[in-house]
$ cat query_20.pdb   # PDB, C-alpha atoms
ATOM      1  CA  MET A  28      73.760  89.946 132.427
ATOM      2  CA  LEU A  29      74.492  92.017 135.543
ATOM      3  CA  LYS A  30      77.419  89.757 136.464
ATOM      4  CA  TRP A  31      78.842  90.120 132.955
ATOM      5  CA  LEU A  32      78.636  93.936 133.143
ATOM      6  CA  LYS A  33      80.403  93.951 136.521
ATOM      7  CA  SER A  34      83.183  91.729 135.207
ATOM      8  CA  ILE A  35      84.091  94.034 132.293
ATOM      9  CA  GLY A  36      86.290  96.374 134.314
ATOM     10  CA  LYS A  37      88.003  93.593 136.258
ATOM     11  CA  PRO A  38      91.458  92.402 135.171
ATOM     12  CA  LYS A  39      91.570  88.940 133.642
ATOM     13  CA  ARG A  40      93.054  86.188 135.787
ATOM     14  CA  PHE A  41      96.279  84.753 134.466
ATOM     15  CA  LYS A  42      97.225  81.119 134.379
ATOM     16  CA  ARG A  43     100.398  80.512 136.400
ATOM     17  CA  GLU A  44     101.400  77.597 134.204
ATOM     18  CA  PHE A  45     101.854  80.069 131.304
ATOM     19  CA  ARG A  46     104.002  82.523 133.315
ATOM     20  CA  SER A  47     107.699  82.387 134.163
ATOM     21  CA  GLU A  48     109.986  83.942 136.769
ATOM     22  CA  THR A  49     112.680  84.507 134.126
ATOM     23  CA  CYS A  50     112.200  86.373 130.832
ATOM     24  CA  LEU A  51     112.671  83.938 127.954
ATOM     25  CA  ASN A  52     114.126  86.721 125.802
ATOM     26  CA  CYS A  53     116.711  88.467 128.013
ATOM     27  CA  GLN A  54     116.841  86.131 131.064
ATOM     28  CA  HIS A  55     115.862  89.043 133.361
ATOM     29  CA  MET A  56     114.343  88.033 136.720
ATOM     30  CA  ILE A  57     110.655  88.971 136.881
ATOM     31  CA  ASP A  58     107.662  88.250 139.100
ATOM     32  CA  VAL A  59     105.231  85.564 137.984
ATOM     33  CA  SER A  60     102.418  88.133 138.160
ATOM     34  CA  ASP A  61     104.149  90.491 135.693
ATOM     35  CA  GLN A  62     102.492  90.458 132.300
ATOM     36  CA  TYR A  63     105.550  91.961 130.545
ATOM     37  CA  CYS A  64     109.288  91.951 131.174
ATOM     38  CA  SER A  65     110.415  95.208 132.765
ATOM     39  CA  ASN A  66     113.792  94.966 131.010
ATOM     40  CA  CYS A  67     112.970  94.204 127.333
ATOM     41  CA  GLY A  68     109.174  94.504 127.188
ATOM     42  CA  GLN A  69     108.448  90.984 125.927
ATOM     43  CA  ARG A  70     105.222  89.352 127.116
ATOM     44  CA  ASN A  71     105.782  87.019 130.080
ATOM     45  CA  SER A  72     104.544  83.731 128.686
ATOM     46  CA  ASN A  73     106.068  80.312 128.184
ATOM     47  CA  LYS A  74     103.072  78.986 126.298
ATOM     48  CA  LYS A  75     103.778  77.318 122.959
ATOM     49  CA  LEU A  76     102.753  79.515 120.046
ATOM     50  CA  SER A  77      99.682  78.512 118.070
ATOM     51  CA  LEU A  78      98.570  79.685 114.642
ATOM     52  CA  SER A  79      95.947  81.953 116.204
ATOM     53  CA  ASP A  80      98.652  83.556 118.393
ATOM     54  CA  LEU A  81     100.730  84.391 115.301
ATOM     55  CA  ILE A  82      97.721  85.878 113.509
ATOM     56  CA  LYS A  83      96.729  87.935 116.573
ATOM     57  CA  GLU A  84     100.306  89.242 116.893
ATOM     58  CA  LEU A  85     100.366  90.197 113.215
ATOM     59  CA  LEU A  86      97.015  92.000 113.399
ATOM     60  CA  ALA A  87      98.040  93.776 116.610
ATOM     61  CA  SER A  88     101.216  95.141 115.005
ATOM     62  CA  ILE A  89      99.344  96.263 111.864
ATOM     63  CA  PHE A  90      96.534  98.009 113.701
ATOM     64  CA  SER A  91      98.970  99.567 116.170
ATOM     65  CA  TYR A  92     100.854 101.179 113.267
ATOM     66  CA  ASP A  93      97.609 102.134 111.538
ATOM     67  CA  SER A  94      96.404 103.826 114.697
ATOM     68  CA  ARG A  95      99.549 105.928 114.949
ATOM     69  CA  LEU A  96      99.473 106.579 111.223
ATOM     70  CA  ARG A  97      95.867 107.757 111.416
ATOM     71  CA  LYS A  98      96.660 110.077 114.319
ATOM     72  CA  THR A  99      99.772 111.377 112.545
ATOM     73  CA  ILE A 100      97.965 112.218 109.299
ATOM     74  CA  GLY A 101      95.016 113.644 111.218
ATOM     75  CA  ALA A 102      97.261 115.930 113.285
ATOM     76  CA  ILE A 103      99.259 116.997 110.213
ATOM     77  CA  PHE A 104      96.243 118.174 108.222
ATOM     78  CA  THR A 105      94.014 119.536 110.999
ATOM     79  CA  ARG A 106      96.636 121.744 112.664
ATOM     80  CA  PRO A 107      99.759 122.621 110.625
ATOM     81  CA  GLY A 108     102.899 122.467 112.774
ATOM     82  CA  LYS A 109     101.179 120.871 115.771
ATOM     83  CA  ILE A 110     102.601 117.375 115.337
ATOM     84  CA  SER A 111     106.182 118.683 115.066
ATOM     85  CA  LEU A 112     105.811 120.834 118.190
ATOM     86  CA  GLU A 113     104.219 118.033 120.197
ATOM     87  CA  TYR A 114     106.819 115.528 119.048
ATOM     88  CA  THR A 115     109.698 117.789 120.106
ATOM     89  CA  HIS A 116     107.953 118.358 123.467
ATOM     90  CA  GLY A 117     107.859 114.629 124.193
ATOM     91  CA  LYS A 118     104.416 113.507 122.952
ATOM     92  CA  ARG A 119     105.759 110.740 120.709
ATOM     93  CA  ILE A 120     104.045 107.444 121.480
ATOM     94  CA  LYS A 121     100.847 108.281 119.548
ATOM     95  CA  TYR A 122     102.661 109.486 116.409
ATOM     96  CA  VAL A 123     104.738 107.678 113.801
ATOM     97  CA  ASN A 124     108.463 108.417 113.966
ATOM     98  CA  PRO A 125     109.001 111.399 111.567
ATOM     99  CA  PHE A 126     111.922 109.725 109.772
ATOM    100  CA  ARG A 127     110.007 106.468 109.286
ATOM    101  CA  PHE A 128     106.913 108.424 108.223
ATOM    102  CA  PHE A 129     108.886 110.391 105.618
ATOM    103  CA  ILE A 130     110.590 107.317 104.135
ATOM    104  CA  SER A 131     107.236 105.473 103.900
ATOM    105  CA  ILE A 132     105.475 108.398 102.180
ATOM    106  CA  ALA A 133     108.411 109.132  99.855
ATOM    107  CA  ILE A 134     108.767 105.510  98.742
ATOM    108  CA  ILE A 135     105.021 105.238  98.045
ATOM    109  CA  PHE A 136     105.085 108.562  96.165
ATOM    110  CA  PHE A 137     107.973 107.640  93.866
ATOM    111  CA  LEU A 138     106.630 104.117  93.282
ATOM    112  CA  VAL A 139     103.271 105.557  92.229
ATOM    113  CA  LEU A 140     105.031 108.156  90.079
ATOM    114  CA  THR A 141     107.124 105.449  88.394
ATOM    115  CA  TRP A 142     103.963 103.482  87.674
ATOM    116  CA  LEU A 143     101.940 106.459  86.365
ATOM    117  CA  ILE A 144     104.580 108.148  84.179
ATOM    118  CA  PRO A 145     103.762 107.430  80.505
ATOM    119  CA  LYS A 146     107.185 105.979  79.658
ATOM    120  CA  GLU A 147     106.145 104.754  76.202
ATOM    121  CA  GLU A 148     104.893 108.216  75.252
ATOM    122  CA  ILE A 149     108.096 109.871  76.491
ATOM    123  CA  GLN A 150     110.219 107.412  74.531
ATOM    124  CA  LYS A 151     108.126 107.953  71.401
ATOM    125  CA  GLN A 152     108.528 111.755  71.629
ATOM    126  CA  VAL A 153     112.280 111.397  72.180
ATOM    127  CA  ASN A 154     112.608 109.099  69.169
ATOM    128  CA  GLU A 155     110.676 111.568  67.025
ATOM    129  CA  THR A 156     112.861 114.446  68.218
ATOM    130  CA  ASN A 157     116.157 112.599  67.793
ATOM    131  CA  LYS A 158     115.286 111.070  64.417
ATOM    132  CA  GLU A 159     116.815 113.944  62.430
ATOM    133  CA  PHE A 160     119.772 114.499  64.755
ATOM    134  CA  LEU A 161     120.693 110.890  65.478
ATOM    135  CA  ILE A 162     124.358 110.338  64.624
ATOM    136  CA  LYS A 163     125.148 106.822  63.428
ATOM    137  CA  PRO A 164     128.557 105.182  64.044
ATOM    138  CA  ASN A 165     131.109 106.164  61.398
ATOM    139  CA  ASP A 166     134.436 104.279  61.323
ATOM    140  CA  SER A 167     136.268 106.840  59.190
ATOM    141  CA  ILE A 168     135.424 109.743  61.508
ATOM    142  CA  ALA A 169     136.235 107.605  64.565
ATOM    143  CA  LYS A 170     139.634 106.671  63.093
ATOM    144  CA  SER A 171     140.465 110.298  62.306
ATOM    145  CA  ILE A 172     139.674 111.259  65.907
ATOM    146  CA  ALA A 173     141.775 108.358  67.233
ATOM    147  CA  LYS A 174     144.801 109.522  65.197
ATOM    148  CA  GLN A 175     145.037 112.641  67.395
ATOM    149  CA  LYS A 176     146.364 110.709  70.397
ATOM    150  CA  SER A 177     147.028 112.556  73.634
ATOM    151  CA  LYS A 178     147.926 111.460  77.168
ATOM    152  CA  LYS A 179     145.661 114.173  78.547
ATOM    153  CA  PHE A 180     141.951 113.311  78.711
ATOM    154  CA  ASN A 181     139.798 115.521  76.471
ATOM    155  CA  PHE A 182     136.093 115.346  77.346
ATOM    156  CA  GLN A 183     134.775 116.678  74.023
ATOM    157  CA  LYS A 184     137.105 114.534  71.925
ATOM    158  CA  THR A 185     136.247 111.381  73.916
ATOM    159  CA  SER A 186     132.515 112.109  73.602
ATOM    160  CA  ARG A 187     132.798 112.449  69.819
ATOM    161  CA  TYR A 188     134.864 109.263  69.543
ATOM    162  CA  ILE A 189     132.371 107.233  71.608
ATOM    163  CA  LYS A 190     129.495 108.619  69.541
ATOM    164  CA  TYR A 191     131.062 107.784  66.156
ATOM    165  CA  SER A 192     132.816 104.532  67.125
ATOM    166  CA  GLY A 193     129.937 102.998  69.063
ATOM    167  CA  LEU A 194     132.404 101.678  71.669
ATOM    168  CA  SER A 195     131.557 101.657  75.371
ATOM    169  CA  SER A 196     134.418  99.653  76.884
ATOM    170  CA  TYR A 197     136.790 101.890  78.865
ATOM    171  CA  ASP A 198     139.895  99.843  77.983
ATOM    172  CA  SER A 199     139.112  99.934  74.248
ATOM    173  CA  ILE A 200     138.447 103.690  74.260
ATOM    174  CA  ARG A 201     141.584 104.443  76.307
ATOM    175  CA  THR A 202     143.725 102.275  74.004
ATOM    176  CA  GLN A 203     142.435 104.016  70.874
ATOM    177  CA  LEU A 204     142.704 107.594  72.212
ATOM    178  CA  GLY A 205     145.897 107.083  74.233
ATOM    179  CA  PHE A 206     144.965 108.979  77.418
ATOM    180  CA  GLU A 207     146.330 107.929  80.807
ATOM    181  CA  ASP A 208     144.674 105.228  82.861
ATOM    182  CA  SER A 209     143.188 106.629  86.082
ATOM    183  CA  MET A 210     140.092 106.316  88.222
ATOM    184  CA  THR A 211     139.062 109.881  87.301
ATOM    185  CA  ASN A 212     139.257 109.159  83.564
ATOM    186  CA  GLN A 213     137.325 105.932  84.064
ATOM    187  CA  LEU A 214     134.514 107.811  85.814
ATOM    188  CA  LYS A 215     134.471 110.423  83.025
ATOM    189  CA  VAL A 216     134.059 107.707  80.393
ATOM    190  CA  LYS A 217     131.234 106.159  82.440
ATOM    191  CA  LEU A 218     129.572 109.575  82.647
ATOM    192  CA  ILE A 219     129.753 109.989  78.846
ATOM    193  CA  ASN A 220     128.372 106.485  78.246
ATOM    194  CA  GLY A 221     125.559 107.143  80.726
ATOM    195  CA  SER A 222     124.715 110.432  78.986
ATOM    196  CA  PHE A 223     124.351 108.667  75.648
ATOM    197  CA  LYS A 224     122.143 105.999  77.242
ATOM    198  CA  LEU A 225     119.991 108.761  78.754
ATOM    199  CA  GLU A 226     119.732 110.461  75.361
ATOM    200  CA  LYS A 227     118.583 107.230  73.693
ATOM    201  CA  SER A 228     116.218 106.025  76.417
ATOM    202  CA  PRO A 229     115.222 108.663  79.018
ATOM    203  CA  SER A 230     112.245 106.602  80.197
ATOM    204  CA  ASP A 231     114.566 103.810  81.356
ATOM    205  CA  PHE A 232     116.699 106.316  83.237
ATOM    206  CA  ILE A 233     113.600 107.742  84.949
ATOM    207  CA  THR A 234     112.656 104.226  86.055
ATOM    208  CA  TYR A 235     116.223 103.718  87.273
ATOM    209  CA  ILE A 236     116.596 106.931  89.281
ATOM    210  CA  LEU A 237     113.127 107.509  90.805
ATOM    211  CA  PRO A 238     113.336 104.700  93.427
ATOM    212  CA  LYS A 239     116.630 106.193  94.672
ATOM    213  CA  LEU A 240     115.252 109.703  95.267
ATOM    214  CA  PRO A 241     113.648 109.006  98.700
ATOM    215  CA  PHE A 242     117.038 107.994 100.106
ATOM    216  CA  PHE A 243     118.679 110.975  98.426
ATOM    217  CA  LEU A 244     116.175 113.300 100.102
ATOM    218  CA  PHE A 245     116.662 111.493 103.412
ATOM    219  CA  GLY A 246     120.308 112.584 103.228
ATOM    220  CA  PHE A 247     119.536 116.039 101.814
ATOM    221  CA  ILE A 248     117.046 117.230 104.452
ATOM    222  CA  PRO A 249     119.570 117.026 107.361
ATOM    223  CA  ILE A 250     121.908 119.307 105.390
ATOM    224  CA  PHE A 251     119.125 121.760 104.560
ATOM    225  CA  SER A 252     118.051 121.785 108.240
ATOM    226  CA  LEU A 253     121.321 123.594 108.985
ATOM    227  CA  PHE A 254     119.860 126.643 107.183
ATOM    228  CA  SER A 255     116.720 126.467 109.356
ATOM    229  CA  TRP A 256     118.885 126.245 112.455
ATOM    230  CA  LEU A 257     120.859 129.343 111.390
ATOM    231  CA  PHE A 258     117.723 131.352 110.516
ATOM    232  CA  TYR A 259     116.164 130.614 113.912
ATOM    233  CA  LEU A 260     119.387 130.684 115.907
ATOM    234  CA  ARG A 261     117.935 133.081 118.494
ATOM    235  CA  ARG A 262     114.971 130.806 119.119
ATOM    236  CA  LYS A 263     115.243 127.976 121.657
ATOM    237  CA  PHE A 264     115.239 125.132 119.164
ATOM    238  CA  THR A 265     117.824 122.423 118.749
ATOM    239  CA  TYR A 266     119.055 121.189 115.380
ATOM    240  CA  VAL A 267     117.008 117.994 115.825
ATOM    241  CA  ASP A 268     113.844 120.094 116.341
ATOM    242  CA  HIS A 269     114.394 121.713 112.934
ATOM    243  CA  LEU A 270     115.138 118.288 111.455
ATOM    244  CA  ILE A 271     111.835 116.853 112.721
ATOM    245  CA  PHE A 272     109.907 119.871 111.425
ATOM    246  CA  ASN A 273     111.510 119.655 107.952
ATOM    247  CA  PHE A 274     110.864 115.920 107.683
ATOM    248  CA  HIS A 275     107.201 116.487 108.542
ATOM    249  CA  GLU A 276     106.914 119.363 106.058
ATOM    250  CA  THR A 277     108.491 117.377 103.225
ATOM    251  CA  SER A 278     106.151 114.482 104.004
ATOM    252  CA  VAL A 279     103.168 116.835 103.721
ATOM    253  CA  PHE A 280     104.491 118.109 100.374
ATOM    254  CA  PHE A 281     104.671 114.550  99.010
ATOM    255  CA  LEU A 282     101.214 113.726 100.370
ATOM    256  CA  LEU A 283      99.690 116.748  98.619
ATOM    257  CA  LEU A 284     101.498 115.930  95.368
ATOM    258  CA  LEU A 285     100.407 112.301  95.617
ATOM    259  CA  LEU A 286      96.805 113.337  96.238
ATOM    260  CA  GLU A 287      96.758 115.721  93.266
ATOM    261  CA  ILE A 288      98.429 113.266  90.865
ATOM    262  CA  SER A 289      96.097 110.436  91.954
ATOM    263  CA  ILE A 290      92.970 112.584  91.493
ATOM    264  CA  ASN A 291      94.134 113.779  88.074
ATOM    265  CA  PHE A 292      94.909 110.200  87.071
ATOM    266  CA  MET A 293      91.454 108.994  88.099
ATOM    267  CA  VAL A 294      89.808 111.877  86.224
ATOM    268  CA  ASN A 295      91.947 111.638  83.078
ATOM    269  CA  ASN A 296      92.391 107.849  83.339
ATOM    270  CA  ASP A 297      95.473 107.805  81.128
ATOM    271  CA  SER A 298      98.580 109.230  82.820
ATOM    272  CA  ALA A 299      99.844 111.288  85.720
ATOM    273  CA  SER A 300      99.305 115.016  85.317
ATOM    274  CA  PHE A 301     100.199 117.967  87.456
ATOM    275  CA  ASN A 302      98.807 121.513  87.538
ATOM    276  CA  SER A 303     100.581 123.046  90.579
ATOM    277  CA  ILE A 304      97.553 123.221  92.892
ATOM    278  CA  SER A 305      99.382 121.134  95.494
ATOM    279  CA  ILE A 306     102.331 123.568  95.448
ATOM    280  CA  TYR A 307     100.078 126.551  96.211
ATOM    281  CA  LEU A 308      98.370 124.586  98.984
ATOM    282  CA  PHE A 309     101.731 123.600 100.441
ATOM    283  CA  ILE A 310     102.977 127.225 100.458
ATOM    284  CA  ILE A 311      99.939 128.249 102.525
ATOM    285  CA  TYR A 312     100.301 125.185 104.743
ATOM    286  CA  HIS A 313     104.031 125.739 105.306
ATOM    287  CA  ILE A 314     103.577 129.381 106.351
ATOM    288  CA  MET A 315     100.852 128.371 108.835
ATOM    289  CA  ALA A 316     102.968 125.480 110.171
ATOM    290  CA  SER A 317     106.042 127.707 110.583
ATOM    291  CA  MET A 318     104.033 130.325 112.483
ATOM    292  CA  TYR A 319     102.653 127.648 114.840
ATOM    293  CA  PHE A 320     105.955 125.832 115.345
ATOM    294  CA  TYR A 321     108.344 128.794 115.665
ATOM    295  CA  LYS A 322     105.837 131.149 117.344
ATOM    296  CA  GLN A 323     106.636 134.173 115.182
ATOM    297  CA  GLY A 324     104.451 136.723 113.396
ATOM    298  CA  PHE A 325     103.208 136.511 109.829
ATOM    299  CA  PHE A 326     105.654 138.997 108.281
ATOM    300  CA  LYS A 327     108.798 137.496 109.886
ATOM    301  CA  THR A 328     107.645 133.993 108.988
ATOM    302  CA  LEU A 329     106.872 135.005 105.396
ATOM    303  CA  VAL A 330     110.330 136.552 104.860
ATOM    304  CA  LYS A 331     112.141 133.586 106.411
ATOM    305  CA  CYS A 332     110.053 131.074 104.445
ATOM    306  CA  PHE A 333     110.845 132.930 101.206
ATOM    307  CA  LEU A 334     114.594 132.995 101.915
ATOM    308  CA  LEU A 335     114.649 129.372 103.071
ATOM    309  CA  ALA A 336     112.703 128.328  99.966
ATOM    310  CA  PHE A 337     115.302 130.061  97.784
ATOM    311  CA  LEU A 338     118.148 128.289  99.589
ATOM    312  CA  TYR A 339     116.219 125.015  99.447
ATOM    313  CA  ILE A 340     115.796 125.235  95.653
ATOM    314  CA  ILE A 341     119.452 126.176  95.026
ATOM    315  CA  THR A 342     120.791 123.458  97.340
ATOM    316  CA  CYS A 343     118.360 120.866  95.992
ATOM    317  CA  LEU A 344     119.352 121.640  92.392
ATOM    318  CA  LEU A 345     123.022 121.156  93.259
ATOM    319  CA  PHE A 346     122.230 117.847  94.944
ATOM    320  CA  VAL A 347     120.028 116.686  92.053
ATOM    321  CA  VAL A 348     122.779 117.478  89.535
ATOM    322  CA  SER A 349     125.248 115.545  91.699
ATOM    323  CA  LEU A 350     122.807 112.629  92.005
ATOM    324  CA  ILE A 351     122.149 112.516  88.254
ATOM    325  CA  SER A 352     125.877 112.698  87.490
ATOM    326  CA  ALA A 353     126.614 109.881  89.947
ATOM    327  CA  SER A 354     123.701 107.835  88.591
ATOM    328  CA  LEU A 355     124.882 108.269  84.979
ATOM    329  CA  MET A 356     128.249 106.789  85.913
ATOM    330  CA  PHE A 357     126.609 103.555  87.062
ATOM    331  CA  TYR A 358     123.617 103.524  84.711
TER     332      TYR A 358
END
$ encode --input "query_20.pdb" --output "structure tokens"
Amino acid sequence: MLKWLKSIGKPKRFKREFRSETCLNCQHMIDVSDQYCSNCGQRNSNKKLSLSDLIKELLASIFSYDSRLRKTIGAIFTRPGKISLEYTHGKRIKYVNPFRFFISIAIIFFLVLTWLIPKEEIQKQVNETNKEFLIKPNDSIAKSIAKQKSKKFNFQKTSRYIKYSGLSSYDSIRTQLGFEDSMTNQLKVKLINGSFKLEKSPSDFITYILPKLPFFLFGFIPIFSLFSWLFYLRRKFTYVDHLIFNFHETSVFFLLLLLEISINFMVNNDSASFNSISIYLFIIYHIMASMYFYKQGFFKTLVKCFLLAFLYIITCLLFVVSLISASLMFY
């Protein structure tokens, strides 16, 4: 027993027949006593892989990520703003990369949201609402609209023709109405067709667009971070520092939303519901995180957070409208 206790702290002896003087991955010259390659980091071993080796490697990679994930979430919720400040100061190995962390959380959030949204109920309500106002195809009205041919594209006229004719093919619509053939007109027709599809089946459009939102936000946050950089221009922060902070904050927002929606779903046991508690919690969290990260007083932080939130909402609305318009063209 005593010998076993003494041997715990001693390094394990390596078998020379399993070591090489050349890295098998990058062909870098290494010493036979080196456990890892100093150039690429691969383990120095020429042993043939066994099934147990593959399983150990898989488990090691999973638990390594879980360890960093646990530390990341723990740091995020125990001390708002701490993880962003530490990450920008170089303490990165124990935390998940902020961009990878955001994409993972956002994808999980929108997948859960897609699963929990009561699509059948939404479609039923839309059908009930549109029952009285649903316009059926009418050949006589469509023909009267087509008689008023014009080389210039008219959005309202084209919308009415598509609605009454029931046509969706761009070539057929252009031939009947007589407007010029161009890429712009083709996109306009696609937008009109997508709008009608959305009107008939909004639940399908929700299912179509939700998985794309994480990547939309991944492109939106770098643009919004320019506002943060301008607001804190006198502080010694780089643009990337603001970017890391905003990715962490958006991840926290999604985590709080996900937690609230999941709890409400388990309680109600029918569909996802939302009562804004997570938004109030995030406002408090964001003010505390901004004070810790930017090292400014409560009043200055409050004013800047309010102004940045206003700019965030306006910019996000513009981007969402652009995303929906682009999605309708290819829906």
$ resolve_selection --input "query_20.pdb" --expression "the PyMOL selection byres ((chain A and resi 112-121) around 12)" --output "JSON, numbers by chain"
{"A": [91, 92, 93, 94, 95, 96, 97, 98, 99, 100, 101, 102, 103, 106, 107, 108, 109, 110, 111, 122, 123, 124, 125, 263, 264, 265, 266, 267, 268, 269, 270, 271, 272, 273, 275, 316, 317, 318, 319, 320, 321, 322]}
$ residues_around --input "query_20.pdb" --residues "Asn52 of chain A" --least-positions-apart "6" --cutoff "9 Å" --atoms "all atoms listed in the file" --output "list of chain:residue names"
A:Cys64, A:Cys67, A:Gln69
$ atom_distance --input "query_20.pdb" --atom1 "atom CA of Thr342 of chain A" --atom2 "atom CA of Glu276 of chain A"
16.9 Å
$ closest_residue --input "query_20.pdb" --among "A:Phe333, A:Tyr197, A:Phe274, A:Phe242" --to "Ile134 of chain A" --atoms "only C-alpha atoms"
A:Phe242
$ closest_residue --input "query_20.pdb" --among "A:Val294, A:Met56, A:Ile219, A:Ile172" --to "Ser186 of chain A" --atoms "only C-alpha atoms"
A:Ile219
$ atom_distance --input "query_20.pdb" --atom1 "atom CA of Ser255 of chain A" --atom2 "atom CA of Ile288 of chain A"
29.2 Å
$ resolve_selection --input "query_20.pdb" --expression "the PyMOL selection byres ((chain A and resi 65) around 12)" --output "NGL selection string"
:A and (48-50 or 52-58 or 60-64 or 66-71)
$ decode --input "query_20.pdb" --residues "segment 118-131 of chain A" --atoms "N, CA, C and O atoms" --output "PDB file, in the first residue's frame"
ATOM      1  N   LYS A 118      -6.832  35.014 -20.467  1.00  0.00           N
ATOM      2  CA  LYS A 118      -7.216  33.771 -19.802  1.00  0.00           C
ATOM      3  C   LYS A 118      -8.253  33.052 -20.659  1.00  0.00           C
ATOM      4  O   LYS A 118      -9.458  33.182 -20.448  1.00  0.00           O
ATOM      5  N   ARG A 119      -7.790  32.263 -21.629  1.00  0.00           N
ATOM      6  CA  ARG A 119      -8.701  31.709 -22.636  1.00  0.00           C
ATOM      7  C   ARG A 119      -8.792  30.195 -22.634  1.00  0.00           C
ATOM      8  O   ARG A 119      -9.769  29.643 -23.125  1.00  0.00           O
ATOM      9  N   ILE A 120      -7.789  29.506 -22.128  1.00  0.00           N
ATOM     10  CA  ILE A 120      -7.750  28.055 -22.272  1.00  0.00           C
ATOM     11  C   ILE A 120      -8.866  27.366 -21.489  1.00  0.00           C
ATOM     12  O   ILE A 120      -9.350  26.295 -21.879  1.00  0.00           O
ATOM     13  N   LYS A 121      -9.327  27.971 -20.386  1.00  0.00           N
ATOM     14  CA  LYS A 121     -10.352  27.310 -19.563  1.00  0.00           C
ATOM     15  C   LYS A 121     -11.772  27.652 -19.991  1.00  0.00           C
ATOM     16  O   LYS A 121     -12.736  27.098 -19.444  1.00  0.00           O
ATOM     17  N   TYR A 122     -11.914  28.587 -20.965  1.00  0.00           N
ATOM     18  CA  TYR A 122     -13.249  28.970 -21.419  1.00  0.00           C
ATOM     19  C   TYR A 122     -13.479  28.553 -22.868  1.00  0.00           C
ATOM     20  O   TYR A 122     -12.540  28.453 -23.666  1.00  0.00           O
ATOM     21  N   VAL A 123     -14.747  28.350 -23.211  1.00  0.00           N
ATOM     22  CA  VAL A 123     -15.105  28.064 -24.600  1.00  0.00           C
ATOM     23  C   VAL A 123     -14.952  29.342 -25.420  1.00  0.00           C
ATOM     24  O   VAL A 123     -15.245  30.440 -24.944  1.00  0.00           O
ATOM     25  N   ASN A 124     -14.474  29.196 -26.651  1.00  0.00           N
ATOM     26  CA  ASN A 124     -14.368  30.340 -27.554  1.00  0.00           C
ATOM     27  C   ASN A 124     -15.723  31.054 -27.639  1.00  0.00           C
ATOM     28  O   ASN A 124     -16.752  30.397 -27.843  1.00  0.00           O
ATOM     29  N   PRO A 125     -15.771  32.391 -27.438  1.00  0.00           N
ATOM     30  CA  PRO A 125     -17.067  33.102 -27.390  1.00  0.00           C
ATOM     31  C   PRO A 125     -17.898  32.966 -28.653  1.00  0.00           C
ATOM     32  O   PRO A 125     -19.128  32.916 -28.578  1.00  0.00           O
ATOM     33  N   PHE A 126     -17.250  32.874 -29.825  1.00  0.00           N
ATOM     34  CA  PHE A 126     -17.999  32.732 -31.071  1.00  0.00           C
ATOM     35  C   PHE A 126     -18.604  31.330 -31.167  1.00  0.00           C
ATOM     36  O   PHE A 126     -19.769  31.174 -31.548  1.00  0.00           O
ATOM     37  N   ARG A 127     -17.811  30.326 -30.810  1.00  0.00           N
ATOM     38  CA  ARG A 127     -18.310  28.944 -30.811  1.00  0.00           C
ATOM     39  C   ARG A 127     -19.413  28.776 -29.773  1.00  0.00           C
ATOM     40  O   ARG A 127     -20.420  28.102 -30.023  1.00  0.00           O
ATOM     41  N   PHE A 128     -19.238  29.392 -28.615  1.00  0.00           N
ATOM     42  CA  PHE A 128     -20.226  29.308 -27.536  1.00  0.00           C
ATOM     43  C   PHE A 128     -21.553  29.922 -27.979  1.00  0.00           C
ATOM     44  O   PHE A 128     -22.625  29.341 -27.770  1.00  0.00           O
ATOM     45  N   PHE A 129     -21.486  31.090 -28.628  1.00  0.00           N
ATOM     46  CA  PHE A 129     -22.697  31.759 -29.098  1.00  0.00           C
ATOM     47  C   PHE A 129     -23.434  30.922 -30.142  1.00  0.00           C
ATOM     48  O   PHE A 129     -24.654  30.739 -30.050  1.00  0.00           O
ATOM     49  N   ILE A 130     -22.701  30.419 -31.140  1.00  0.00           N
ATOM     50  CA  ILE A 130     -23.331  29.625 -32.197  1.00  0.00           C
ATOM     51  C   ILE A 130     -23.998  28.380 -31.600  1.00  0.00           C
ATOM     52  O   ILE A 130     -25.128  28.023 -31.982  1.00  0.00           O
ATOM     53  N   SER A 131     -23.330  27.713 -30.657  1.00  0.00           N
ATOM     54  CA  SER A 131     -23.890  26.509 -30.033  1.00  0.00           C
ATOM     55  C   SER A 131     -25.187  26.834 -29.299  1.00  0.00           C
ATOM     56  O   SER A 131     -26.201  26.147 -29.468  1.00  0.00           O
TER      57      SER A 131
END
